[in-house]
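For reference, upload-v6.pdb (PDB, C-alpha atoms):
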```pdb
ATOM      1  CA  MET A   1     144.880  -4.585-202.221
ATOM      2  CA  GLU A   2     147.015  -2.039-204.046
ATOM      3  CA  SER A   3     145.876   1.531-204.427
ATOM      4  CA  TYR A   4     144.473   2.806-207.684
ATOM      5  CA  GLY A   5     145.519   6.354-206.873
ATOM      6  CA  SER A   6     148.047   6.604-209.669
ATOM      7  CA  ALA A   7     145.283   6.154-212.210
ATOM      8  CA  ARG A   8     142.970   8.642-210.510
ATOM      9  CA  GLY A   9     145.663  11.275-210.272
ATOM     10  CA  MET A  10     146.855  11.205-213.844
ATOM     11  CA  ASN A  11     146.675  14.402-215.871
ATOM     12  CA  SER A  12     146.437  13.078-219.419
ATOM     13  CA  GLY A  13     144.382   9.999-218.609
ATOM     14  CA  GLN A  14     147.156   7.433-218.532
ATOM     15  CA  SER A  15     148.873   5.826-215.559
ATOM     16  CA  ASP A  16     152.398   4.672-214.927
ATOM     17  CA  ALA A  17     151.204   1.437-213.359
ATOM     18  CA  LEU A  18     147.727  -0.050-213.232
ATOM     19  CA  SER A  19     147.353  -2.813-210.667
ATOM     20  CA  GLU A  20     144.820  -5.625-210.821
ATOM     21  CA  MET A  21     142.078  -4.707-208.378
ATOM     22  CA  THR A  22     138.380  -4.627-207.491
ATOM     23  CA  VAL A  23     136.794  -2.080-205.156
ATOM     24  CA  LEU A  24     133.018  -2.463-204.916
ATOM     25  CA  GLY A  25     132.111   0.173-202.342
ATOM     26  CA  GLU A  26     129.444  -0.180-199.684
ATOM     27  CA  ARG A  27     126.402   0.759-201.800
ATOM     28  CA  THR A  28     127.240  -1.282-204.901
ATOM     29  CA  GLN A  29     124.930  -4.161-205.849
ATOM     30  CA  GLU A  30     125.693  -6.931-208.372
ATOM     31  CA  TRP A  31     123.730  -9.722-210.037
ATOM     32  CA  ARG A  32     126.130 -12.136-211.727
ATOM     33  CA  VAL A  33     125.915 -15.430-213.630
ATOM     34  CA  THR A  34     129.044 -17.372-214.624
ATOM     35  CA  ALA A  35     129.615 -20.063-217.227
ATOM     36  CA  VAL A  36     130.498 -22.449-214.398
ATOM     37  CA  ASP A  37     126.941 -22.172-213.082
ATOM     38  CA  CYS A  38     125.285 -21.812-216.496
ATOM     39  CA  PRO A  39     126.717 -24.079-219.236
ATOM     40  CA  ALA A  40     124.539 -22.290-221.797
ATOM     41  CA  LEU A  41     126.843 -19.277-221.482
ATOM     42  CA  SER A  42     129.949 -21.374-222.010
ATOM     43  CA  GLY A  43     128.422 -22.845-225.160
ATOM     44  CA  LEU A  44     128.198 -19.308-226.552
ATOM     45  CA  GLY A  45     131.771 -18.418-225.603
ATOM     46  CA  ILE A  46     130.756 -16.240-222.650
ATOM     47  CA  ALA A  47     132.656 -16.396-219.347
ATOM     48  CA  HIS A  48     130.206 -14.391-217.233
ATOM     49  CA  VAL A  49     127.485 -11.735-217.405
ATOM     50  CA  GLY A  50     126.030  -9.384-214.848
ATOM     51  CA  VAL A  51     124.174  -6.255-213.886
ATOM     52  CA  CYS A  52     125.688  -3.710-211.540
ATOM     53  CA  LEU A  53     124.416  -0.678-209.664
ATOM     54  CA  ALA A  54     127.706   0.949-208.716
ATOM     55  CA  SER A  55     128.546   3.821-206.406
ATOM     56  CA  ALA A  56     131.933   5.412-205.800
ATOM     57  CA  PRO A  57     134.499   4.305-204.783
ATOM     58  CA  TYR A  58     133.599   1.456-207.196
ATOM     59  CA  GLU A  59     136.680   0.722-209.360
ATOM     60  CA  VAL A  60     137.781  -2.295-211.412
ATOM     61  CA  VAL A  61     141.102  -2.915-213.171
ATOM     62  CA  ARG A  62     141.922  -6.077-215.122
ATOM     63  CA  VAL A  63     145.437  -6.312-216.500
ATOM     64  CA  GLY A  64     145.318  -9.985-217.482
ATOM     65  CA  LEU A  65     141.914 -10.114-219.154
ATOM     66  CA  LYS A  66     142.022 -12.266-222.270
ATOM     67  CA  GLY A  67     138.485 -12.079-223.659
ATOM     68  CA  ALA A  68     136.521  -9.148-225.101
ATOM     69  CA  TYR A  69     134.373  -7.196-222.636
ATOM     70  CA  LEU A  70     131.139  -5.323-223.320
ATOM     71  CA  LEU A  71     129.865  -2.754-220.819
ATOM     72  CA  SER A  72     126.413  -1.281-221.527
ATOM     73  CA  CYS A  73     125.082   1.611-219.415
ATOM     74  CA  PHE A  74     121.347   1.917-218.653
ATOM     75  CA  SER A  75     121.460   4.624-215.957
ATOM     76  CA  GLY A  76     123.785   7.159-214.367
ATOM     77  CA  ALA A  77     127.337   7.598-215.567
ATOM     78  CA  GLY A  78     130.802   6.176-215.075
ATOM     79  CA  SER A  79     134.191   6.304-216.755
ATOM     80  CA  VAL A  80     136.262   3.795-218.703
ATOM     81  CA  LEU A  81     139.944   3.902-219.601
ATOM     82  CA  MET A  82     139.972   3.988-223.387
ATOM     83  CA  ASP A  83     142.794   4.920-225.740
ATOM     84  CA  GLY A  84     144.964   6.022-222.830
ATOM     85  CA  ARG A  85     142.481   8.403-221.204
ATOM     86  CA  TRP A  86     139.316   8.308-219.115
ATOM     87  CA  GLN A  87     136.078   8.693-221.055
ATOM     88  CA  LYS A  88     132.465   8.954-219.911
ATOM     89  CA  VAL A  89     129.980   6.129-220.368
ATOM     90  CA  GLY A  90     126.492   7.385-219.661
ATOM     91  CA  GLN A  91     122.937   6.151-220.152
ATOM     92  CA  GLY A  92     122.332   4.812-223.647
ATOM     93  CA  THR A  93     126.042   4.225-224.322
ATOM     94  CA  ALA A  94     128.149   1.063-224.489
ATOM     95  CA  PHE A  95     131.870   0.367-224.439
ATOM     96  CA  LEU A  96     133.643  -2.604-226.021
ATOM     97  CA  ALA A  97     137.147  -3.571-224.888
ATOM     98  CA  SER A  98     139.381  -5.761-227.013
ATOM     99  CA  PRO A  99     141.278  -8.753-225.600
ATOM    100  CA  ASN A 100     144.787  -8.177-224.245
ATOM    101  CA  VAL A 101     144.198  -4.517-223.417
ATOM    102  CA  VAL A 102     144.045  -3.156-219.872
ATOM    103  CA  LEU A 103     140.404  -2.910-218.815
ATOM    104  CA  ALA A 104     139.653  -0.249-216.212
ATOM    105  CA  PHE A 105     136.395   1.428-215.226
ATOM    106  CA  ARG A 106     134.986   3.312-212.255
ATOM    107  CA  ALA A 107     131.803   4.945-210.980
ATOM    108  CA  ASP A 108     131.758   8.733-210.978
ATOM    109  CA  ARG A 109     131.252  10.391-207.626
ATOM    110  CA  GLY A 110     127.704  11.560-207.010
ATOM    111  CA  SER A 111     126.240   9.184-209.584
ATOM    112  CA  ARG A 112     124.656   5.750-209.177
ATOM    113  CA  TRP A 113     125.989   3.957-212.262
ATOM    114  CA  GLY A 114     123.833   1.193-213.705
ATOM    115  CA  PHE A 115     125.392  -1.068-216.314
ATOM    116  CA  SER A 116     125.313  -4.607-217.668
ATOM    117  CA  TRP A 117     128.344  -6.535-218.803
ATOM    118  CA  VAL A 118     129.222  -9.497-220.987
ATOM    119  CA  ARG A 119     132.695 -10.971-220.700
ATOM    120  CA  PHE A 120     133.678 -13.305-223.534
ATOM    121  CA  GLN A 121     136.044 -16.228-223.210
ATOM    122  CA  ASN A 122     139.324 -16.242-225.103
ATOM    123  CA  THR A 123     138.585 -18.913-227.697
ATOM    124  CA  GLU A 124     139.126 -19.083-231.445
ATOM    125  CA  GLU A 125     135.395 -18.519-231.947
ATOM    126  CA  THR A 126     135.262 -15.406-229.766
ATOM    127  CA  LYS A 127     138.460 -13.748-230.996
ATOM    128  CA  SER A 128     136.394 -12.309-233.855
ATOM    129  CA  VAL A 129     133.891 -10.616-231.506
ATOM    130  CA  VAL A 130     135.861  -7.397-231.917
ATOM    131  CA  SER A 131     136.341  -6.813-235.640
ATOM    132  CA  VAL A 132     138.453  -4.111-237.235
ATOM    133  CA  ALA A 133     135.308  -1.996-237.588
ATOM    134  CA  SER A 134     133.688  -2.733-234.206
ATOM    135  CA  PRO A 135     132.629   0.318-232.191
ATOM    136  CA  ALA A 136     134.647   1.080-229.080
ATOM    137  CA  LEU A 137     132.227   3.606-227.585
ATOM    138  CA  ALA A 138     128.857   4.297-229.178
ATOM    139  CA  LYS A 139     125.147   4.781-228.586
ATOM    140  CA  PHE A 140     123.348   1.628-227.466
ATOM    141  CA  SER A 141     120.106   1.090-225.591
ATOM    142  CA  GLY A 142     121.091  -0.548-222.319
ATOM    143  CA  GLU A 143     117.703  -1.736-221.064
ATOM    144  CA  PRO A 144     117.212  -4.816-223.294
ATOM    145  CA  LEU A 145     120.557  -6.323-222.301
ATOM    146  CA  GLN A 146     119.912  -5.445-218.652
ATOM    147  CA  HIS A 147     116.561  -7.263-218.676
ATOM    148  CA  ALA A 148     118.036 -10.275-220.451
ATOM    149  CA  VAL A 149     120.796 -10.646-217.862
ATOM    150  CA  LEU A 150     118.338 -10.266-214.994
ATOM    151  CA  GLY A 151     116.102 -12.805-216.714
ATOM    152  CA  LEU A 152     118.933 -15.307-216.820
ATOM    153  CA  PHE A 153     119.774 -14.573-213.200
ATOM    154  CA  GLY A 154     116.154 -15.196-212.238
ATOM    155  CA  GLU A 155     116.023 -18.507-214.076
ATOM    156  CA  GLN A 156     119.207 -19.595-212.335
ATOM    157  CA  GLN A 157     117.569 -18.826-208.997
ATOM    158  CA  GLU A 158     114.439 -20.765-209.960
ATOM    159  CA  SER A 159     116.472 -23.737-211.247
ATOM    160  CA  ARG A 160     114.057 -24.511-214.056
ATOM    161  CA  GLY A 161     116.753 -26.065-216.193
ATOM    162  CA  PRO A 162     118.561 -25.480-219.497
ATOM    163  CA  ALA A 163     115.395 -25.177-221.576
ATOM    164  CA  PHE A 164     114.866 -21.767-219.966
ATOM    165  CA  THR A 165     118.431 -20.587-219.285
ATOM    166  CA  SER A 166     119.595 -21.307-222.833
ATOM    167  CA  ARG A 167     117.003 -18.906-224.259
ATOM    168  CA  TRP A 168     118.132 -16.073-222.005
ATOM    169  CA  ALA A 169     121.798 -16.842-222.777
ATOM    170  CA  GLN A 170     121.129 -16.721-226.520
ATOM    171  CA  LEU A 171     119.335 -13.403-226.133
ATOM    172  CA  ILE A 172     122.254 -11.950-224.161
ATOM    173  CA  HIS A 173     124.677 -13.122-226.843
ATOM    174  CA  ALA A 174     122.503 -11.616-229.579
ATOM    175  CA  TYR A 175     122.374  -8.219-227.859
ATOM    176  CA  ALA A 176     126.139  -8.231-227.295
ATOM    177  CA  MET A 177     126.815  -9.046-230.936
ATOM    178  CA  LEU A 178     124.304  -6.413-232.022
ATOM    179  CA  PHE A 179     126.702  -3.841-230.594
ATOM    180  CA  ALA A 180     129.989  -5.544-231.461
ATOM    181  CA  ARG A 181     129.058  -6.377-235.061
ATOM    182  CA  PRO A 182     126.201  -3.995-235.983
ATOM    183  CA  GLU A 183     124.406  -4.984-239.173
ATOM    184  CA  THR A 184     123.412  -1.373-239.730
ATOM    185  CA  GLY A 185     127.004  -0.135-239.689
ATOM    186  CA  ASP A 186     128.246   1.881-242.654
ATOM    187  CA  LYS A 187     129.888  -0.569-245.059
ATOM    188  CA  ARG A 188     132.117   2.156-246.470
ATOM    189  CA  LEU A 189     133.777   2.509-243.101
ATOM    190  CA  GLU A 190     134.193  -1.241-242.763
ATOM    191  CA  ARG A 191     135.868  -1.309-246.182
ATOM    192  CA  VAL A 192     138.377   1.309-245.026
ATOM    193  CA  TRP A 193     139.398  -0.580-241.899
ATOM    194  CA  ILE A 194     139.633  -3.949-243.594
ATOM    195  CA  GLN A 195     142.053  -2.511-246.149
ATOM    196  CA  VAL A 196     144.030  -0.552-243.553
ATOM    197  CA  SER A 197     144.341  -3.540-241.211
ATOM    198  CA  LYS A 198     145.888  -5.628-243.989
ATOM    199  CA  SER A 199     148.784  -3.198-244.372
ATOM    200  CA  LEU A 200     149.356  -1.450-241.066
ATOM    201  CA  GLU A 201     153.018  -0.952-241.894
ATOM    202  CA  GLN A 202     152.139   1.621-244.557
ATOM    203  CA  ALA A 203     152.102   5.386-243.992
ATOM    204  CA  TRP A 204     148.378   5.953-243.678
ATOM    205  CA  THR A 205     147.013   9.503-243.701
ATOM    206  CA  LEU A 206     143.477  10.758-243.262
ATOM    207  CA  GLU A 207     143.424  11.778-246.929
ATOM    208  CA  ARG A 208     144.488   8.326-248.087
ATOM    209  CA  MET A 209     141.965   6.538-245.869
ATOM    210  CA  ALA A 210     139.156   8.816-247.068
ATOM    211  CA  SER A 211     140.024   8.060-250.678
ATOM    212  CA  ILE A 212     139.312   4.348-250.158
ATOM    213  CA  CYS A 213     135.610   5.037-249.606
ATOM    214  CA  PHE A 214     135.396   8.160-251.800
ATOM    215  CA  LEU A 215     134.600  10.470-248.889
ATOM    216  CA  SER A 216     135.979  13.824-247.857
ATOM    217  CA  GLU A 217     138.317  13.820-244.879
ATOM    218  CA  GLU A 218     135.750  15.663-242.747
ATOM    219  CA  HIS A 219     132.975  13.232-243.702
ATOM    220  CA  LEU A 220     135.178  10.264-242.787
ATOM    221  CA  ARG A 221     136.037  11.923-239.472
ATOM    222  CA  ARG A 222     132.361  12.468-238.592
ATOM    223  CA  LEU A 223     131.367   8.983-239.742
ATOM    224  CA  CYS A 224     134.118   7.308-237.743
ATOM    225  CA  ARG A 225     133.305   9.198-234.554
ATOM    226  CA  ARG A 226     129.642   8.284-234.886
ATOM    227  CA  GLU A 227     130.131   4.602-235.766
ATOM    228  CA  VAL A 228     133.294   3.702-233.848
ATOM    229  CA  GLY A 229     133.622   6.362-231.152
ATOM    230  CA  ARG A 230     137.095   7.403-232.274
ATOM    231  CA  SER A 231     138.675   9.680-234.832
ATOM    232  CA  PRO A 232     140.073   7.850-237.901
ATOM    233  CA  ILE A 233     143.652   8.474-236.753
ATOM    234  CA  ASN A 234     142.933   7.139-233.270
ATOM    235  CA  HIS A 235     141.285   4.047-234.721
ATOM    236  CA  LEU A 236     144.362   3.513-236.887
ATOM    237  CA  ILE A 237     146.503   3.698-233.736
ATOM    238  CA  PHE A 238     144.155   1.240-232.024
ATOM    239  CA  LEU A 239     144.525  -1.275-234.861
ATOM    240  CA  ARG A 240     148.301  -0.867-234.797
ATOM    241  CA  MET A 241     148.523  -1.335-231.037
ATOM    242  CA  ARG A 242     146.208  -4.355-231.155
ATOM    243  CA  ARG A 243     148.342  -5.987-233.832
ATOM    244  CA  ALA A 244     151.528  -5.103-231.945
ATOM    245  CA  SER A 245     150.174  -6.751-228.788
ATOM    246  CA  GLU A 246     149.469  -9.925-230.788
ATOM    247  CA  LEU A 247     152.992  -9.949-232.237
ATOM    248  CA  LEU A 248     154.519  -9.433-228.804
ATOM    249  CA  LEU A 249     152.683 -12.491-227.489
ATOM    250  CA  GLU A 250     152.904 -14.749-230.528
ATOM    251  CA  THR A 251     156.425 -14.100-231.839
ATOM    252  CA  ASP A 252     159.979 -13.580-230.616
ATOM    253  CA  ASP A 253     160.478 -10.631-232.970
ATOM    254  CA  LYS A 254     162.490  -7.715-231.640
ATOM    255  CA  ILE A 255     160.664  -4.572-230.581
ATOM    256  CA  GLU A 256     162.177  -2.671-233.512
ATOM    257  CA  ALA A 257     160.811  -5.252-235.974
ATOM    258  CA  ILE A 258     157.343  -5.142-234.435
ATOM    259  CA  ALA A 259     157.375  -1.341-234.504
ATOM    260  CA  SER A 260     158.191  -1.424-238.214
ATOM    261  CA  ALA A 261     155.515  -4.055-238.880
ATOM    262  CA  VAL A 262     152.810  -1.745-237.533
ATOM    263  CA  GLY A 263     153.991   1.443-239.189
ATOM    264  CA  TYR A 264     156.526   3.011-236.805
ATOM    265  CA  ALA A 265     159.969   3.837-238.115
ATOM    266  CA  ASN A 266     161.037   4.986-234.654
ATOM    267  CA  ALA A 267     160.928   2.258-231.989
ATOM    268  CA  PHE A 268     161.013   4.851-229.191
ATOM    269  CA  VAL A 269     157.892   6.590-230.506
ATOM    270  CA  PHE A 270     156.225   3.184-230.868
ATOM    271  CA  SER A 271     157.132   2.235-227.296
ATOM    272  CA  ASN A 272     155.724   5.473-225.877
ATOM    273  CA  THR A 273     152.520   5.105-227.892
ATOM    274  CA  PHE A 274     152.113   1.479-226.826
ATOM    275  CA  LYS A 275     152.528   2.417-223.167
ATOM    276  CA  ARG A 276     149.972   5.214-223.433
ATOM    277  CA  TRP A 277     147.362   2.956-225.063
ATOM    278  CA  ILE A 278     148.034  -0.439-223.498
ATOM    279  CA  GLY A 279     149.516   0.399-220.097
ATOM    280  CA  TRP A 280     153.016  -1.086-220.397
ATOM    281  CA  ARG A 281     156.056  -0.619-222.543
ATOM    282  CA  PRO A 282     156.280  -3.406-225.169
ATOM    283  CA  SER A 283     159.037  -5.309-223.345
ATOM    284  CA  GLU A 284     157.075  -5.133-220.063
ATOM    285  CA  TYR A 285     153.905  -6.256-221.799
ATOM    286  CA  ARG A 286     155.626  -9.280-223.293
ATOM    287  CA  LEU A 287     157.081 -10.209-219.904
ATOM    288  CA  GLU A 288     153.751  -9.780-218.078
ATOM    289  CA  LYS A 289     151.312 -11.202-220.595
ATOM    290  CA  ARG A 290     153.117 -14.017-222.383
ATOM    291  CA  PRO A 291     152.937 -16.449-219.397
ATOM    292  CA  ILE A 292     149.179 -15.796-219.235
ATOM    293  CA  ALA A 293     148.698 -16.205-222.983
ATOM    294  CA  LYS A 294     150.546 -19.521-222.883
ATOM    295  CA  GLY A 295     148.403 -20.839-220.047
ATOM    296  CA  GLY A 296     150.752 -20.021-217.202
ATOM    297  CA  ARG A 297     150.017 -17.705-214.314
ATOM    298  CA  GLY A 298     146.881 -15.574-214.244
TER     299      GLY A 298
END
```
In structure tokens, how does this file's structure come out?
Amino acid sequence: MESYGSARGMNSGQSDALSEMTVLGERTQEWRVTAVDCPALSGLGIAHVGVCLASAPYEVVRVGLKGAYLLSCFSGAGSVLMDGRWQKVGQGTAFLASPNVVLAFRADRGSRWGFSWVRFQNTEETKSVVSVASPALAKFSGEPLQHAVLGLFGEQQESRGPAFTSRWAQLIHAYAMLFARPETGDKRLERVWIQVSKSLEQAWTLERMASICFLSEEHLRRLCRREVGRSPINHLIFLRMRRASELLLETDDKIEAIASAVGYANAFVFSNTFKRWIGWRPSEYRLEKRPIAKGGRG
């Protein structure tokens, strides 16, 4: 297995090369249920769920992950690679990764990290799990999802049939969507990101985005950090990089054309930004990910 040292040693939070890997460590414990073993999960567009008690050197990197991934912490603390840098995920916090973005997380030394996860399949139905206004990193009570996953695991062990497992699977799905698509989210913020996402090629500024929802720039900044876990400018970059990754996989457009389509007049600046956020330069990403997206290797 390849070393993950390049990611650990980075100064700004990014790495030159993230390799697919899993290091569990001797003290790590996992309880996992897959859609192969539980058809009720598959029916809800979920590939697998689990609960983990992780201890360093626990580290996971997925470079070919196609579905959205929710990680919800109920104890301790760990770190996730988000927006090109490592960020803490502690008790009462959850992290939501979009499809087609490098997923990397690790347990912090000296901390027993308890978290649950839900990994969605890459289907037409589940592509909308992560909306333009979905939180990336926000407060979320981890215990209910933890208990639901352990409940499903227990039913699988007891083999009492789909009448029981389907209820636990539905509860897991409901908790995951409660974070990904919160009904209590501020609709003003959602209105901003819907409008911005429709015209990513435009020159968006904080002032212009704030004017959409009739807020001051500082109020929009505070609201966005609370609801989404990012600053408005960083969420704009996220939406641009997500759209760029889709264009790289779905079209044969030149890098310069894709850069322009998501608001970058300078293809070099776009390429550097894409590498910092996604993990590859655009040309490398297209070469690595397109065979996977088209059902080839991976």
Mind listing as a PyMOL selection string all residues within 12 Å of (125.6, -16.5, -216.6), counting all atoms listed in the file? chain A and resi 31-51+116-120+148-157+162+165-173
Around (138.0, 17.1, -244.3), as given in the file, which residues come within 12 Å? Count only C-alpha atoms and list them as a list in words. Thr205, Leu206, Glu207, Arg208, Met209, Ala210, Ser211, Phe214, Leu215, Ser216, Glu217, Glu218, His219, Leu220, Arg221, Arg222, Leu223 and Pro232 of chain A
Would you mind listing what lies within 7 Å of segment 20-30 of chain A as a VMD selection string, with only C-alpha atoms counted and same-chain residues fewer than 4 positions away left out? chain A and resid 1 50 to 63
What is the atom CA of Trp280 of chain A-atom CA of Glu190 of chain A distance in Å, reported with one decimal? 29.2 Å
Would you mind telling me which residue in A:Trp204, A:Phe140, A:Tyr285, A:Trp113 lies nearest to Gly78 of chain A when using only C-alpha atoms?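 Using only C-alpha atoms, Gly78 of chain A sits closest to A:Trp113.
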What gap, in Å, lies between atom CA of Ala267 of chain A and atom CA of Ser283 of chain A?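 Between atom CA of Ala267 of chain A and atom CA of Ser283 of chain A the gap is 11.6 Å.
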Please expand the PyMOL selection byres ((chain A and resi 229) around 7) into the concrete residues it hits in this file, giving the result as an MDAnalysis selection string. chainID A and resid 135:138 224:228 230
Atom CA of Gln146 of chain A to atom CA of Ala176 of chain A measures 11.0 Å
Rank A:Ser134, A:Lys88, A:Val196, A:Ala104 by their smallest atom-to-atom distance to Ile233 of chain A, using only C-alpha atoms, and report the top residue only.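 Ranked by minimum distance to Ile233 of chain A, first place goes to A:Val196.
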For Thr273 of chain A, list every protein, DNA or RNA residue within 12 Å, evaluated using all atoms listed in the file, and leave out those in the same chain fewer than 5 positions away; present the list as a ChimeraX atom specification. /A:14,83-84,234,237-238,240-242,244,259,262-264,266-268,278-282
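Applied to the shown file, the PyMOL selection byres ((chain A and resi 201) around 7) selects the residues Ser199, Leu200, Gln202, Ala203, Ser260, Ala261, Val262 and Gly263 of chain A.
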Output check: residues returned by the PyMOL selection byres ((chain A and resi 127) around 12), as JSON, numbers by chain: {"A": [45, 46, 66, 67, 68, 69, 97, 98, 99, 100, 120, 121, 122, 123, 124, 125, 126, 128, 129, 130, 131, 132, 180, 246]}
Would you mind exporting C-alpha atoms of the selected residues as a PDB file, in the coordinates of the input?
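The resulting out04.pdb:
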```pdb
ATOM      1  CA  GLY A  45     131.771 -18.418-225.603  1.00  0.00           C
ATOM      2  CA  ILE A  46     130.756 -16.240-222.650  1.00  0.00           C
ATOM      3  CA  LYS A  66     142.022 -12.266-222.270  1.00  0.00           C
ATOM      4  CA  GLY A  67     138.485 -12.079-223.659  1.00  0.00           C
ATOM      5  CA  ALA A  68     136.521  -9.148-225.101  1.00  0.00           C
ATOM      6  CA  TYR A  69     134.373  -7.196-222.636  1.00  0.00           C
ATOM      7  CA  ALA A  97     137.147  -3.571-224.888  1.00  0.00           C
ATOM      8  CA  SER A  98     139.381  -5.761-227.013  1.00  0.00           C
ATOM      9  CA  PRO A  99     141.278  -8.753-225.600  1.00  0.00           C
ATOM     10  CA  ASN A 100     144.787  -8.177-224.245  1.00  0.00           C
ATOM     11  CA  PHE A 120     133.678 -13.305-223.534  1.00  0.00           C
ATOM     12  CA  GLN A 121     136.044 -16.228-223.210  1.00  0.00           C
ATOM     13  CA  ASN A 122     139.324 -16.242-225.103  1.00  0.00           C
ATOM     14  CA  THR A 123     138.585 -18.913-227.697  1.00  0.00           C
ATOM     15  CA  GLU A 124     139.126 -19.083-231.445  1.00  0.00           C
ATOM     16  CA  GLU A 125     135.395 -18.519-231.947  1.00  0.00           C
ATOM     17  CA  THR A 126     135.262 -15.406-229.766  1.00  0.00           C
ATOM     18  CA  SER A 128     136.394 -12.309-233.855  1.00  0.00           C
ATOM     19  CA  VAL A 129     133.891 -10.616-231.506  1.00  0.00           C
ATOM     20  CA  VAL A 130     135.861  -7.397-231.917  1.00  0.00           C
ATOM     21  CA  SER A 131     136.341  -6.813-235.640  1.00  0.00           C
ATOM     22  CA  VAL A 132     138.453  -4.111-237.235  1.00  0.00           C
ATOM     23  CA  ALA A 180     129.989  -5.544-231.461  1.00  0.00           C
ATOM     24  CA  GLU A 246     149.469  -9.925-230.788  1.00  0.00           C
TER      25      GLU A 246
END
```
Check the smallest atom-to-atom distance from each of A:Leu65, A:Leu71, A:Val102, A:Val80 to Arg276 of chain A using all atoms listed in the file, then report the winner. A:Val102
